[in-house]
Amino acid sequence: MNRSPYISEAPSVSSIMLKVLLALVPGIIAYVWVFGGGVLVTITLATVTALLAEAVMLKLRNRPVQPYLTDYSAVITAWLLALAIPPLAPWWLIVVGTLFAIVVAKQLYGGLGYNPFNPAMIGYAVLLISFPALMTKWPAALQLAQTKLGFADQIQFIFSGLLPQDVKLDAVTSATPLDYLKTQLTLKHDVASIREAPIFGAFGGKGGEYIAMAYLLGGLYLWQQKVISWHLPTAFLGALALISGVFWVINPAHFASPLFHLFSGASMLCAFFIITDPVSGPTTPKGKLYFAAGVAVITYLIRAYGGYPDGVAFAVIFMNICVPLLDMHTQPRIFGHEK
């Protein structure tokens, strides 16, 4: 005969964060295969910077250091920011972005559990606004081997900005598929002819679609482990597919298909790893649906009509502002009370 209590112990923050880090591994592996090992340097720099910044701020705030460092929340922020910026960006760029994310967007608000905005997206937005040229210099997907830019050369480029004499910067860097699509549309080309460029793959950016599928795999693992619920990813991907599908049906010559938007840019990373942040996101089931759908709609509008190729960071930050309102108006009815 079963006996009480039946309430199981809640998982610790550190165990949840470790599962999130594990879920990011497939995406990182795909990232290295597509863009080279430079991303590992970027992740390492971001992680070290995040942990040092967290420790210093905790000391200044007279908080215990060890418990907060070992909850791995700073590492999650560092990895998400590192995966969002170009992997061959100069070393100081990721350091500046990580410092801003940890010090300003997290610790100055009170630390984990008190930050109203997603720290990684705040760091990314600051870098994109402050250094737009550096934030758009992505390596050409699946071409580093052909340019003979090895891992040692990538490290040299990250820390010194120097390339081997027989390698030119134009041969290494390339526009992202979203950026290329937007630029060519302004030149009055149609989507079908634009998609014939070698930068595109079967339904997304060449190579980038594999990274997106790896993020999807990691996200499904988080859902299976009950780290995240179905509400946020489903609402985000569904709303993004719906709004992009409507525009695509109306004018397929000017608007890309839903599959392109789902597997390009930071869509999958956003769906499973960014908007699922339990601190800066809503807590009610309905609130999660509205929040994720809002992020999707704003992301698409920025992609289609805004000045930036991808609008995930700005969409997340804007919807973070709306979280208190969403939580207030989507509280479930208390049993025994009128609605």
# chains A, B, ... in the order shown; residues from 1 in each chain; ligands from 1
>>> residues_around(residues="Ala74 of chain A", least_positions_apart="3", cutoff="10 Å", atoms="only C-alpha atoms", output="MDAnalysis selection string")
chainID A and resid 17 46:54 68:71 77:79 98 101:102 106 111:112 119:120
>>> write_last_selection(atoms="N, CA, C and O atoms", output="mmCIF file, in the first residue's frame")
data_model
loop_
_atom_site.group_PDB
_atom_site.id
_atom_site.type_symbol
_atom_site.label_atom_id
_atom_site.label_comp_id
_atom_site.auth_asym_id
_atom_site.auth_seq_id
_atom_site.Cartn_x
_atom_site.Cartn_y
_atom_site.Cartn_z
ATOM 1 N N MET A 17 19.721 23.597 -15.133
ATOM 2 C CA MET A 17 20.649 24.313 -15.998
ATOM 3 C C MET A 17 21.612 23.358 -16.697
ATOM 4 O O MET A 17 21.977 23.566 -17.864
ATOM 5 N N ALA A 46 33.278 33.634 -23.428
ATOM 6 C CA ALA A 46 32.037 34.094 -22.804
ATOM 7 C C ALA A 46 31.838 33.448 -21.440
ATOM 8 O O ALA A 46 31.419 34.107 -20.476
ATOM 9 N N THR A 47 32.145 32.166 -21.326
ATOM 10 C CA THR A 47 31.955 31.454 -20.065
ATOM 11 C C THR A 47 32.876 31.997 -18.979
ATOM 12 O O THR A 47 32.441 32.267 -17.846
ATOM 13 N N VAL A 48 34.145 32.159 -19.299
ATOM 14 C CA VAL A 48 35.104 32.684 -18.319
ATOM 15 C C VAL A 48 34.712 34.095 -17.893
ATOM 16 O O VAL A 48 34.719 34.433 -16.702
ATOM 17 N N THR A 49 34.347 34.926 -18.863
ATOM 18 C CA THR A 49 33.941 36.298 -18.551
ATOM 19 C C THR A 49 32.705 36.320 -17.670
ATOM 20 O O THR A 49 32.631 37.095 -16.698
ATOM 21 N N ALA A 50 31.726 35.477 -17.980
ATOM 22 C CA ALA A 50 30.484 35.449 -17.206
ATOM 23 C C ALA A 50 30.735 35.026 -15.764
ATOM 24 O O ALA A 50 30.207 35.633 -14.821
ATOM 25 N N LEU A 51 31.546 33.996 -15.569
ATOM 26 C CA LEU A 51 31.813 33.509 -14.211
ATOM 27 C C LEU A 51 32.598 34.537 -13.401
ATOM 28 O O LEU A 51 32.309 34.761 -12.214
ATOM 29 N N LEU A 52 33.588 35.176 -14.021
ATOM 30 C CA LEU A 52 34.368 36.199 -13.316
ATOM 31 C C LEU A 52 33.490 37.401 -12.968
ATOM 32 O O LEU A 52 33.547 37.929 -11.843
ATOM 33 N N ALA A 53 32.680 37.852 -13.918
ATOM 34 C CA ALA A 53 31.808 38.996 -13.669
ATOM 35 C C ALA A 53 30.794 38.678 -12.581
ATOM 36 O O ALA A 53 30.504 39.510 -11.704
ATOM 37 N N GLU A 54 30.238 37.477 -12.621
ATOM 38 C CA GLU A 54 29.278 37.052 -11.606
ATOM 39 C C GLU A 54 29.921 37.037 -10.227
ATOM 40 O O GLU A 54 29.344 37.522 -9.244
ATOM 41 N N TYR A 68 25.921 30.569 -6.137
ATOM 42 C CA TYR A 68 25.400 31.197 -7.345
ATOM 43 C C TYR A 68 26.209 30.822 -8.586
ATOM 44 O O TYR A 68 25.653 30.732 -9.683
ATOM 45 N N LEU A 69 27.499 30.615 -8.409
ATOM 46 C CA LEU A 69 28.304 30.197 -9.567
ATOM 47 C C LEU A 69 27.972 28.776 -9.997
ATOM 48 O O LEU A 69 28.027 28.447 -11.181
ATOM 49 N N THR A 70 27.646 27.935 -9.031
ATOM 50 C CA THR A 70 27.388 26.530 -9.351
ATOM 51 C C THR A 70 25.926 26.264 -9.735
ATOM 52 O O THR A 70 25.542 25.108 -9.900
ATOM 53 N N ASP A 71 25.106 27.334 -9.861
ATOM 54 C CA ASP A 71 23.769 27.088 -10.393
ATOM 55 C C ASP A 71 23.772 27.138 -11.929
ATOM 56 O O ASP A 71 22.755 26.850 -12.556
ATOM 57 N N THR A 77 23.724 31.908 -19.873
ATOM 58 C CA THR A 77 23.735 33.220 -20.524
ATOM 59 C C THR A 77 24.918 33.345 -21.466
ATOM 60 O O THR A 77 24.795 33.827 -22.598
ATOM 61 N N ALA A 78 26.094 32.917 -21.008
ATOM 62 C CA ALA A 78 27.305 33.008 -21.826
ATOM 63 C C ALA A 78 27.182 32.181 -23.095
ATOM 64 O O ALA A 78 27.526 32.641 -24.195
ATOM 65 N N TRP A 79 26.680 30.954 -22.986
ATOM 66 C CA TRP A 79 26.569 30.079 -24.158
ATOM 67 C C TRP A 79 25.559 30.626 -25.157
ATOM 68 O O TRP A 79 25.822 30.621 -26.365
ATOM 69 N N THR A 98 29.135 39.962 -22.903
ATOM 70 C CA THR A 98 28.909 39.122 -21.730
ATOM 71 C C THR A 98 28.925 39.948 -20.455
ATOM 72 O O THR A 98 28.103 39.734 -19.550
ATOM 73 N N ALA A 101 25.655 41.712 -20.193
ATOM 74 C CA ALA A 101 24.572 40.781 -19.877
ATOM 75 C C ALA A 101 24.566 40.408 -18.395
ATOM 76 O O ALA A 101 23.505 40.392 -17.752
ATOM 77 N N ILE A 102 25.738 40.105 -17.842
ATOM 78 C CA ILE A 102 25.823 39.653 -16.457
ATOM 79 C C ILE A 102 25.728 40.818 -15.474
ATOM 80 O O ILE A 102 24.966 40.766 -14.503
ATOM 81 N N LYS A 106 21.620 41.453 -15.404
ATOM 82 C CA LYS A 106 21.311 40.443 -14.393
ATOM 83 C C LYS A 106 21.590 40.933 -12.977
ATOM 84 O O LYS A 106 20.671 41.101 -12.169
ATOM 85 N N GLY A 111 20.172 39.850 -9.508
ATOM 86 C CA GLY A 111 20.641 38.490 -9.735
ATOM 87 C C GLY A 111 19.551 37.570 -10.240
ATOM 88 O O GLY A 111 18.449 38.009 -10.605
ATOM 89 N N LEU A 112 19.857 36.267 -10.258
ATOM 90 C CA LEU A 112 18.932 35.273 -10.786
ATOM 91 C C LEU A 112 17.591 35.329 -10.057
ATOM 92 O O LEU A 112 17.537 35.315 -8.828
ATOM 93 N N PRO A 119 18.995 38.216 -20.067
ATOM 94 C CA PRO A 119 20.332 38.827 -20.095
ATOM 95 C C PRO A 119 21.078 38.610 -21.406
ATOM 96 O O PRO A 119 21.741 39.527 -21.905
ATOM 97 N N ALA A 120 20.990 37.411 -21.981
ATOM 98 C CA ALA A 120 21.705 37.131 -23.232
ATOM 99 C C ALA A 120 21.187 38.013 -24.359
ATOM 100 O O ALA A 120 21.976 38.510 -25.179
#
>>> residues_around(residues="segment 94-97 of chain A", least_positions_apart="5", cutoff="7 Å", atoms="only C-alpha atoms", output="number ranges by chain")
A: 42, 45-46, 49, 82, 123-124, 127
>>> closest_atom_pairs(of="segment 30-140 of chain A", to="segment 256-275 of chain A", cutoff="8 Å", atoms="only C-alpha atoms", output="Markdown table")
| residue | atom | partner | partner_atom | distance |
| --- | --- | --- | --- | --- |
| A:Leu80 | CA | A:Ile274 | CA | 7.8 |
| A:Ala84 | CA | A:Ala266 | CA | 7.5 |
| A:Asn118 | CA | A:Ile274 | CA | 7.7 |
>>> residues_around(residues="Ala192 of chain A", least_positions_apart="6", cutoff="10 Å", atoms="only C-alpha atoms", output="PyMOL selection string")
chain A and resi 252-256
>>> residues_around(residues="Ala141 of chain A", least_positions_apart="6", cutoff="6 Å", atoms="only C-alpha atoms", output="ChimeraX atom specification")
/A:34-35,207
>>> write_last_selection(atoms="N, CA, C and O atoms", output="compact mmCIF listing (two decimals), in the first residue's frame")
# COMPACT_ATOMS: atom_id res chain seq x y z
N VAL A 34 29.59 23.42 -39.32
CA VAL A 34 29.20 24.37 -40.36
C VAL A 34 30.16 25.56 -40.42
O VAL A 34 30.58 25.98 -41.51
N PHE A 35 30.51 26.12 -39.26
CA PHE A 35 31.27 27.36 -39.24
C PHE A 35 32.70 27.22 -38.72
O PHE A 35 33.44 28.21 -38.70
N GLY A 207 23.72 25.00 -44.45
CA GLY A 207 24.39 24.66 -43.20
C GLY A 207 23.60 25.09 -41.99
O GLY A 207 23.51 24.36 -41.00
>>> residues_around(residues="Pro26 of chain A", least_positions_apart="4", cutoff="9 Å", atoms="only C-alpha atoms", output="PyMOL selection string")
chain A and resi 22+30-31+211+214-215+217-218
>>> write_last_selection(atoms="N, CA, C and O atoms", output="PDB file, in the first residue's frame")
ATOM      1  N   LEU A  22      23.355  20.567 -21.651  1.00  0.00           N
ATOM      2  CA  LEU A  22      23.457  19.319 -22.398  1.00  0.00           C
ATOM      3  C   LEU A  22      22.632  19.385 -23.680  1.00  0.00           C
ATOM      4  O   LEU A  22      23.061  18.898 -24.743  1.00  0.00           O
ATOM      5  N   ALA A  30      26.891  20.842 -34.414  1.00  0.00           N
ATOM      6  CA  ALA A  30      26.517  21.239 -35.779  1.00  0.00           C
ATOM      7  C   ALA A  30      27.132  22.590 -36.135  1.00  0.00           C
ATOM      8  O   ALA A  30      27.564  22.803 -37.277  1.00  0.00           O
ATOM      9  N   TYR A  31      27.186  23.483 -35.178  1.00  0.00           N
ATOM     10  CA  TYR A  31      27.768  24.814 -35.375  1.00  0.00           C
ATOM     11  C   TYR A  31      29.235  24.699 -35.774  1.00  0.00           C
ATOM     12  O   TYR A  31      29.708  25.367 -36.706  1.00  0.00           O
ATOM     13  N   ILE A 211      21.987  23.283 -38.164  1.00  0.00           N
ATOM     14  CA  ILE A 211      22.106  23.799 -36.799  1.00  0.00           C
ATOM     15  C   ILE A 211      20.718  23.935 -36.188  1.00  0.00           C
ATOM     16  O   ILE A 211      20.503  23.584 -35.016  1.00  0.00           O
ATOM     17  N   ALA A 214      19.467  20.660 -35.098  1.00  0.00           N
ATOM     18  CA  ALA A 214      20.147  20.225 -33.879  1.00  0.00           C
ATOM     19  C   ALA A 214      19.557  20.915 -32.654  1.00  0.00           C
ATOM     20  O   ALA A 214      19.396  20.296 -31.594  1.00  0.00           O
ATOM     21  N   TYR A 215      19.227  22.202 -32.784  1.00  0.00           N
ATOM     22  CA  TYR A 215      18.552  22.901 -31.682  1.00  0.00           C
ATOM     23  C   TYR A 215      17.182  22.289 -31.423  1.00  0.00           C
ATOM     24  O   TYR A 215      16.747  22.168 -30.266  1.00  0.00           O
ATOM     25  N   LEU A 217      16.360  19.189 -31.889  1.00  0.00           N
ATOM     26  CA  LEU A 217      16.616  17.935 -31.174  1.00  0.00           C
ATOM     27  C   LEU A 217      16.865  18.184 -29.695  1.00  0.00           C
ATOM     28  O   LEU A 217      16.315  17.494 -28.821  1.00  0.00           O
ATOM     29  N   GLY A 218      17.697  19.191 -29.391  1.00  0.00           N
ATOM     30  CA  GLY A 218      17.951  19.527 -27.994  1.00  0.00           C
ATOM     31  C   GLY A 218      16.709  20.024 -27.291  1.00  0.00           C
ATOM     32  O   GLY A 218      16.480  19.717 -26.110  1.00  0.00           O
TER      33      GLY A 218
END
>>> atom_distance(atom1="atom CA of Val167 of chain A", atom2="atom CA of Leu93 of chain A")
22.7 Å
>>> select_by_dssp(residues="segment 165-254 of chain A", states="alpha helix (DSSP H)", output="PyMOL selection string")
chain A and resi 169-172+177-186+191-194+208-224+231-250
>>> residues_around(residues="Ala239 of chain A", least_positions_apart="2", cutoff="8 Å", atoms="only C-alpha atoms", output="PyMOL selection string")
chain A and resi 235-237+241-243+293+296-297
>>> closest_residue(among="A:Ala23, A:Val316, A:Met57, A:Leu149", to="Ile228 of chain A", atoms="only C-alpha atoms")
A:Ala23
>>> select_by_dssp(residues="segment 113-339 of chain A", states="strand (DSSP E)", output="list in words")
Trp138, Pro139, Thr173 and Ser174 of chain A
>>> write_last_selection(atoms="C-alpha atoms", output="PDB file, in the first residue's frame")
ATOM      1  CA  TRP A 138      29.693  35.750 -40.393  1.00  0.00           C
ATOM      2  CA  PRO A 139      31.982  33.053 -41.821  1.00  0.00           C
ATOM      3  CA  THR A 173      33.022  36.098 -44.391  1.00  0.00           C
ATOM      4  CA  SER A 174      29.567  36.034 -45.915  1.00  0.00           C
TER       5      SER A 174
END
>>> atom_distance(atom1="atom CA of Ser130 of chain A", atom2="atom CA of Val32 of chain A")
26.6 Å
>>> closest_residue(among="A:Leu21, A:Ile302, A:Val103, A:Val13", to="Pro67 of chain A", atoms="only C-alpha atoms")
A:Val13
